[in-house]
Every structure is written in structure tokens, then in C-alpha cells.
Amino acid sequence: MSSFQAPSRQVLFCDFDGPIVDVSERYYRTYRLGLSTLEASHQEKHGEVLSLQVLAKNQFWAMKRNRVADTDIAIRSGVPTSLVETFLQQVQRIVNHPHLLQWDALQPGADRAIHQLRQMGIRLVLVTLRHPRQVQAFLQSHDLSQYVDEIFGASDMNAAHLNRAEQKVTLLERAIAAQRGQGYQTEPTCMIGDTEADIIAGQRAGITTVALTSGVRSHAYLERYQPTSIESNLLKAVQSRHMTQVLQAA
């Protein structure tokens with residue numbers, strides 16, 4: 001008798017940056033390159049040196065995790081008020097350059113979490129503000145693309161950096177509707193992510209929300225949005241009590 005067991009048709013929705021990818025090094029290098037480019041341009045045009053104070057990575061990332069405005073980070077770094085917008089535009093232009101994308105890293109334990117979901121027969125659908133081509137390239141480079149069933153991403157290459165909640169809400173709605181249309185089970189289900197955009201999207205959809213502190217928001221910041229639970233990383237989320245309850249209820 002064959003031991004083959006048809007996989008569960010239950011769907012789990014998950015963000016990409018934060019739960020699966022550590023973007024901290026790329027964001028920090030983008031920030032530093034933006035400052036050095038601004039400094040060189042200003043000196044060439046005006047013949048004077050800007051007095052910039054480059055933040056250490058831990059300072060920079062702590063500010064990002066507590067959602068300090070990019071404008072404030074620029075000013076804290078010594079960027080004159082008149083040049084802040086120029087600096088921010090420069091950062092937005094280069095943040096998705098292949099030279100910087102290479103610094104994205106796999107979050108510790110994320111591959112184990114993804115493998116566990118496959119072993120449990122769960123359909124993994126990524127809902128991300130990254131462009132699908134970037135997502136596929138990263139997954140393929142880490143031999144994970146075969147474990148992700150579908151990707152709902154943004155067409156705008158800068159969407160992830162801007163992290164607009166309404167855009168994530170729309171993407172998740174589209175992803176849920178598409179899964180239902182294909183006959184997959186979306187009740188109960190869960191949205192896993194690392195930002196307020198993920199929590200808001202999940203809450204609007206009426207599903208369980210699991211926030212992760214492995215990404216670009218701190219525990220204290222995420223608490224403000226009252227997710228169903230907060231976990232340290234994707235592996236912990238997959239193994240958490242809330243996740244077990246969701247899966248058992250299916």
C-alpha cells in the first residue's frame with residue numbers, strides 16, 4: 001500500500017523581509033553609501049566638506065526598529081536640513097541596486113521553519129512589498145524556491161523600503177481571494193510579519209497575526225498594534241502555541 005499522503009490544503013501567509021531575510025546590513029550599507037555620495041557631491045559642487053557623523057550600525061538599526069523617521073536619522077547624521085531630501089532620494093535610488101542586494105542574508109532558522117511547514121503539508125504563500133523577481137532570486141540562491149507555493153509582491157521596486165500599510169492590506173486581500181479561488185483553505189489562517197503593515201493587513205482580513213522581532217521593528221513598537229502574538233523569529237512562530245492552535249483548528 002502506498003504511504004503517500006495528500007498534502008493539507010491549508011494556507012499560511014508570510015512576509016518576506018524580516019521573517020525570512022535579514023535586511024539590516026543592506027539598509028546600513030545603503031545609508032552609509034548615501035552619506036558618502038552626498039558628501040562627495042557637495043564637495044565637488046561647493047568646494048566645502050560636510051560635517052557628517054556616521055551612526056554605528058547598532059545605533060542606526062535601533063532607530064529603524066523603533067521607526068524613527070528617515071528625516072530624523074539624516075539630521076542626526078549631520079545632514080543639513082536643506083540636503084535631507086536629496087539624501088533620502090539618493091537612498092531610495094540605490095537601496096535595490098544589485099551591489100547592495102547581495103548583502104541580504106537568510107534569517108537564522110528561517111530555512112528550518114520553511115522546511116517544517118512543508119513537512120506539515122502547509123501551503124506557504126508570501127505576501128511582500130518586494131518585487132517577485134527579487135524574492136525568487138533570493139529563494140533560488142538559498143535553495144528554498146521549491147518550498148514556497150506562491151508569491152504576491154509589489155510591482156514597484158521601492159515599495160518594500162517605503163513600507164506602506166495600505167499596499168500590504170491590498171496585497172493580502174488579493175492573496176487570500178486567490179487561494180480561496182483555487183480551493184485552498186484560508187480559515188483559519190495566519191499572517192506572519194515583522195512590521196505594523198503586516199499586523200494591520202492581517203487584522204483587516206480578520207485572521208491571526210504573528211509579529212516577529214527579527215526584522216525592522218522592535219518588540220515595544222510592535223506591541224502598540226496588538227498582534228495576536230509576538231515571537232522572536234519565524235522558527236519560533238511556526239512552533240508557537242498560537243500557530244499550533246491555528247493548524248489544529250483547520
# chains A, B, ... in the order shown; residues from 1 in each chain; ligands from 1

call {"tool": "select_by_dssp", "arguments": {"residues": "range 74-147 of chain A", "states": "alpha helix (DSSP H)", "output": "PyMOL selection string"}}
result
chain A and resi 74-76+84-94+98-101+110-119+132-141

call {"tool": "select_by_dssp", "arguments": {"residues": "range 22-187 of chain A", "states": "strand (DSSP E or B)", "output": "ChimeraX atom specification"}}
result
/A:22,105-106,123-127,150-152,185

call {"tool": "atom_distance", "arguments": {"atom1": "CA of Thr128 in chain A", "atom2": "CA of Thr213 in chain A"}}
result
16.9 Å

call {"tool": "residues_around", "arguments": {"residues": "Tyr221 in chain A", "least_positions_apart": "2", "cutoff": "10 Å", "atoms": "only C-alpha atoms", "output": "list of chain:residue names"}}
result
A:Arg65, A:Asn66, A:Arg67, A:Thr195, A:Glu196, A:Thr213, A:Arg217, A:Ser218, A:His219, A:Glu223, A:Arg224, A:Tyr225, A:Gln226

call {"tool": "write_last_selection", "arguments": {"atoms": "C-alpha atoms", "output": "mmCIF file, in the first residue's frame"}}
result
data_model
loop_
_atom_site.group_PDB
_atom_site.id
_atom_site.type_symbol
_atom_site.label_atom_id
_atom_site.label_comp_id
_atom_site.auth_asym_id
_atom_site.auth_seq_id
_atom_site.Cartn_x
_atom_site.Cartn_y
_atom_site.Cartn_z
ATOM 1 C CA ARG A 65 13.438 49.297 14.608
ATOM 2 C CA ASN A 66 11.699 51.998 16.620
ATOM 3 C CA ARG A 67 10.539 53.654 13.408
ATOM 4 C CA THR A 195 6.049 45.387 10.716
ATOM 5 C CA GLU A 196 2.878 47.263 11.516
ATOM 6 C CA THR A 213 11.099 40.890 16.337
ATOM 7 C CA ARG A 217 10.576 46.720 14.251
ATOM 8 C CA SER A 218 11.208 46.341 17.988
ATOM 9 C CA HIS A 219 9.058 44.369 20.424
ATOM 10 C CA GLU A 223 3.092 45.782 20.830
ATOM 11 C CA ARG A 224 1.317 49.050 20.000
ATOM 12 C CA TYR A 225 -0.531 47.317 17.163
ATOM 13 C CA GLN A 226 -1.762 44.431 19.334
#

call {"tool": "residues_around", "arguments": {"residues": "Gly18 in chain A", "least_positions_apart": "4", "cutoff": "6 Å", "atoms": "only C-alpha atoms", "output": "number ranges by chain"}}
result
A: 22, 194, 214-215

call {"tool": "write_last_selection", "arguments": {"atoms": "all heavy atoms", "output": "compact mmCIF listing (two decimals), in the first residue's frame"}}
result
# COMPACT_ATOMS: atom_id res chain seq x y z
N ASP A 22 17.19 38.88 6.42
CA ASP A 22 17.77 39.92 7.28
C ASP A 22 18.29 41.01 6.36
O ASP A 22 19.25 40.81 5.62
CB ASP A 22 18.91 39.32 8.11
CG ASP A 22 19.59 40.34 9.00
OD1 ASP A 22 19.24 41.54 8.94
OD2 ASP A 22 20.49 39.94 9.77
N ASP A 194 6.87 41.30 10.22
CA ASP A 194 7.73 42.00 11.19
C ASP A 194 7.42 43.49 11.31
O ASP A 194 8.15 44.21 11.98
CB ASP A 194 9.20 41.81 10.82
CG ASP A 194 9.56 42.55 9.53
OD1 ASP A 194 8.79 42.45 8.56
OD2 ASP A 194 10.60 43.22 9.50
N SER A 214 12.50 39.76 14.70
CA SER A 214 13.76 39.52 13.97
C SER A 214 13.96 40.52 12.84
O SER A 214 15.02 40.54 12.21
CB SER A 214 13.75 38.11 13.38
OG SER A 214 12.61 37.92 12.55
N GLY A 215 12.97 41.37 12.59
CA GLY A 215 13.05 42.27 11.46
C GLY A 215 13.29 43.72 11.82
O GLY A 215 14.11 44.04 12.69

call {"tool": "closest_residue", "arguments": {"among": "A:Arg9, A:Arg130, A:Ile20, A:Gln102", "to": "Arg164 in chain A", "atoms": "only C-alpha atoms"}}
result
A:Arg130

call {"tool": "residues_around", "arguments": {"residues": "range 51-57 of chain A", "least_positions_apart": "2", "cutoff": "12 Å", "atoms": "only C-alpha atoms", "output": "PyMOL selection string"}}
result
chain A and resi 24-40+42-43+48-49+59-65+73-80+83

call {"tool": "residues_around", "arguments": {"residues": "Gln167 in chain A", "least_positions_apart": "6", "cutoff": "9 Å", "atoms": "only C-alpha atoms", "output": "VMD selection string"}}
result
chain A and resid 129 154 159 197 201

call {"tool": "write_last_selection", "arguments": {"atoms": "all heavy atoms", "output": "PDB file, in the first residue's frame"}}
result
ATOM      1  N   LEU A 129       6.118  43.360   0.002  1.00  0.00           N
ATOM      2  CA  LEU A 129       6.232  44.592  -0.777  1.00  0.00           C
ATOM      3  C   LEU A 129       7.488  44.588  -1.640  1.00  0.00           C
ATOM      4  O   LEU A 129       7.793  45.571  -2.304  1.00  0.00           O
ATOM      5  CB  LEU A 129       6.214  45.806   0.160  1.00  0.00           C
ATOM      6  CG  LEU A 129       4.887  46.008   0.908  1.00  0.00           C
ATOM      7  CD1 LEU A 129       4.971  47.223   1.820  1.00  0.00           C
ATOM      8  CD2 LEU A 129       3.724  46.151  -0.062  1.00  0.00           C
ATOM      9  N   ALA A 154       5.030  43.312  -4.925  1.00  0.00           N
ATOM     10  CA  ALA A 154       4.737  44.647  -5.464  1.00  0.00           C
ATOM     11  C   ALA A 154       5.460  44.849  -6.789  1.00  0.00           C
ATOM     12  O   ALA A 154       6.561  44.337  -6.993  1.00  0.00           O
ATOM     13  CB  ALA A 154       5.166  45.717  -4.460  1.00  0.00           C
ATOM     14  N   ALA A 159       8.775  49.708  -3.097  1.00  0.00           N
ATOM     15  CA  ALA A 159       7.646  49.548  -2.181  1.00  0.00           C
ATOM     16  C   ALA A 159       8.077  49.026  -0.812  1.00  0.00           C
ATOM     17  O   ALA A 159       7.582  49.480   0.223  1.00  0.00           O
ATOM     18  CB  ALA A 159       6.609  48.616  -2.791  1.00  0.00           C
ATOM     19  N   ALA A 197       2.626  47.091   9.087  1.00  0.00           N
ATOM     20  CA  ALA A 197       1.876  46.844   7.847  1.00  0.00           C
ATOM     21  C   ALA A 197       1.336  45.421   7.822  1.00  0.00           C
ATOM     22  O   ALA A 197       0.197  45.184   7.399  1.00  0.00           O
ATOM     23  CB  ALA A 197       2.770  47.096   6.635  1.00  0.00           C
ATOM     24  N   ALA A 201      -2.641  44.488   8.039  1.00  0.00           N
ATOM     25  CA  ALA A 201      -3.209  43.701   6.933  1.00  0.00           C
ATOM     26  C   ALA A 201      -3.925  42.465   7.465  1.00  0.00           C
ATOM     27  O   ALA A 201      -5.042  42.134   7.032  1.00  0.00           O
ATOM     28  CB  ALA A 201      -2.118  43.311   5.950  1.00  0.00           C
TER      29      ALA A 201
END

call {"tool": "residues_around", "arguments": {"residues": "Gln134 in chain A", "least_positions_apart": "6", "cutoff": "12 Å", "atoms": "only C-alpha atoms", "output": "PyMOL selection string"}}
result
chain A and resi 16-17+21+96-98+101-102+104+128+140-141+145+151-158+160

call {"tool": "write_last_selection", "arguments": {"atoms": "N, CA, C and O atoms", "output": "tab-separated table (two decimals), in the first residue's frame"}}
result
chain	number	residue	atom	x	y	z
A	16	PHE	N	8.19	38.54	3.62
A	16	PHE	CA	9.50	38.07	3.14
A	16	PHE	C	10.64	38.72	3.92
A	16	PHE	O	11.37	38.05	4.66
A	17	ASP	N	10.77	40.05	3.81
A	17	ASP	CA	11.81	40.75	4.57
A	17	ASP	C	11.46	40.72	6.05
A	17	ASP	O	10.33	41.03	6.44
A	21	VAL	N	14.28	37.12	5.45
A	21	VAL	CA	15.50	37.83	5.06
A	21	VAL	C	15.90	38.87	6.10
A	21	VAL	O	15.08	39.63	6.58
A	96	ASN	N	17.89	49.22	-3.82
A	96	ASN	CA	17.62	47.96	-4.51
A	96	ASN	C	18.65	47.64	-5.60
A	96	ASN	O	18.41	46.77	-6.44
A	97	HIS	N	19.77	48.33	-5.56
A	97	HIS	CA	20.83	48.04	-6.54
A	97	HIS	C	21.42	46.65	-6.25
A	97	HIS	O	21.61	46.30	-5.08
A	98	PRO	N	21.71	45.86	-7.29
A	98	PRO	CA	22.26	44.51	-7.08
A	98	PRO	C	23.51	44.50	-6.19
A	98	PRO	O	23.72	43.55	-5.42
A	101	LEU	N	21.88	44.56	-2.81
A	101	LEU	CA	21.03	43.40	-2.55
A	101	LEU	C	21.84	42.17	-2.14
A	101	LEU	O	21.33	41.30	-1.43
A	102	GLN	N	23.08	42.12	-2.57
A	102	GLN	CA	23.91	40.96	-2.23
A	102	GLN	C	24.16	40.85	-0.72
A	102	GLN	O	24.57	39.79	-0.22
A	104	ASP	N	21.82	41.10	1.55
A	104	ASP	CA	20.69	40.44	2.22
A	104	ASP	C	21.12	39.04	2.66
A	104	ASP	O	21.81	38.33	1.92
A	128	THR	N	4.42	40.18	0.12
A	128	THR	CA	5.56	41.04	0.35
A	128	THR	C	5.52	42.30	-0.50
A	128	THR	O	4.95	42.29	-1.60
A	140	GLN	N	15.94	31.16	-4.73
A	140	GLN	CA	16.71	30.22	-5.54
A	140	GLN	C	18.15	30.12	-5.08
A	140	GLN	O	18.73	29.04	-5.03
A	141	SER	N	18.72	31.25	-4.69
A	141	SER	CA	20.12	31.25	-4.24
A	141	SER	C	20.29	30.49	-2.92
A	141	SER	O	21.40	30.08	-2.59
A	145	SER	N	13.21	27.94	-3.17
A	145	SER	CA	12.08	28.32	-4.04
A	145	SER	C	11.05	27.20	-4.17
A	145	SER	O	9.85	27.47	-4.32
A	151	ILE	N	3.84	33.67	-4.61
A	151	ILE	CA	4.36	34.97	-4.15
A	151	ILE	C	3.44	36.08	-4.65
A	151	ILE	O	3.17	36.17	-5.85
A	152	PHE	N	2.98	36.90	-3.73
A	152	PHE	CA	2.24	38.10	-4.08
A	152	PHE	C	3.11	39.29	-3.69
A	152	PHE	O	3.29	39.58	-2.50
A	153	GLY	N	3.70	39.93	-4.70
A	153	GLY	CA	4.63	41.01	-4.46
A	153	GLY	C	4.20	42.31	-5.10
A	153	GLY	O	3.15	42.39	-5.74
A	154	ALA	N	5.03	43.31	-4.93
A	154	ALA	CA	4.74	44.65	-5.46
A	154	ALA	C	5.46	44.85	-6.79
A	154	ALA	O	6.56	44.34	-6.99
A	155	SER	N	4.84	45.60	-7.67
A	155	SER	CA	5.47	45.89	-8.95
A	155	SER	C	6.49	47.02	-8.83
A	155	SER	O	7.39	47.16	-9.65
A	156	ASP	N	6.34	47.83	-7.77
A	156	ASP	CA	7.24	48.95	-7.53
A	156	ASP	C	8.47	48.46	-6.76
A	156	ASP	O	8.35	47.93	-5.65
A	157	MET	N	9.66	48.64	-7.33
A	157	MET	CA	10.88	48.17	-6.70
A	157	MET	C	11.15	48.85	-5.35
A	157	MET	O	11.89	48.34	-4.52
A	158	ASN	N	10.58	50.03	-5.12
A	158	ASN	CA	10.83	50.76	-3.88
A	158	ASN	C	9.75	50.56	-2.81
A	158	ASN	O	9.82	51.15	-1.74
A	160	ALA	N	9.01	48.07	-0.79
A	160	ALA	CA	9.43	47.48	0.49
A	160	ALA	C	10.10	48.52	1.37
A	160	ALA	O	9.89	48.57	2.59

call {"tool": "closest_residue", "arguments": {"among": "A:Ala69, A:Val210, A:Val23, A:Leu117", "to": "Ala105 in chain A", "atoms": "only C-alpha atoms"}}
result
A:Val23

call {"tool": "atom_distance", "arguments": {"atom1": "CA of Pro19 in chain A", "atom2": "CA of Val216 in chain A"}}
result
9.9 Å

call {"tool": "closest_atom_pairs", "arguments": {"of": "range 50-117 of chain A", "to": "range 228-248 of chain A", "cutoff": "12 Å", "atoms": "only C-alpha atoms", "output": "tab-separated table"}}
result
residue	atom	partner	partner_atom	distance
A:Leu106	CA	A:Leu234	CA	11.3
A:Gln107	CA	A:Asn233	CA	8.2
A:Pro108	CA	A:Asn233	CA	8.2
A:Gly109	CA	A:Leu235	CA	5.8
A:Ala110	CA	A:Leu234	CA	5.8
A:Asp111	CA	A:Leu235	CA	8.5
A:Arg112	CA	A:Leu235	CA	6.8
A:Ala113	CA	A:Leu235	CA	4.6
A:Ile114	CA	A:Leu235	CA	8.1
A:His115	CA	A:Leu235	CA	10.0
A:Gln116	CA	A:Val238	CA	8.0
A:Leu117	CA	A:Val238	CA	7.5

call {"tool": "write_last_selection", "arguments": {"atoms": "C-alpha atoms", "output": "tab-separated table (two decimals), in the first residue's frame"}}
result
chain	number	residue	atom	x	y	z
A	106	LEU	CA	18.90	34.41	5.37
A	107	GLN	CA	17.48	34.83	8.86
A	108	PRO	CA	18.78	32.17	11.28
A	109	GLY	CA	16.39	29.23	11.39
A	110	ALA	CA	14.19	30.52	8.55
A	111	ASP	CA	15.10	27.61	6.28
A	112	ARG	CA	14.22	25.12	9.06
A	113	ALA	CA	10.88	26.85	9.57
A	114	ILE	CA	10.07	26.69	5.85
A	115	HIS	CA	11.03	23.01	5.72
A	116	GLN	CA	8.82	22.30	8.74
A	117	LEU	CA	5.84	23.95	7.09

call {"tool": "closest_atom_pairs", "arguments": {"of": "range 11-78 of chain A", "to": "range 168-177 of chain A", "cutoff": "12 Å", "atoms": "only C-alpha atoms", "output": "JSON lines"}}
result
{"residue": "A:Val11", "atom": "CA", "partner": "A:Ile176", "partner_atom": "CA", "distance": 8.8}
{"residue": "A:Leu12", "atom": "CA", "partner": "A:Ile176", "partner_atom": "CA", "distance": 9.8}
{"residue": "A:Phe13", "atom": "CA", "partner": "A:Leu172", "partner_atom": "CA", "distance": 8.1}
{"residue": "A:Cys14", "atom": "CA", "partner": "A:Leu172", "partner_atom": "CA", "distance": 9.6}
{"residue": "A:Asp15", "atom": "CA", "partner": "A:Lys168", "partner_atom": "CA", "distance": 9.5}
{"residue": "A:Phe16", "atom": "CA", "partner": "A:Lys168", "partner_atom": "CA", "distance": 11.9}
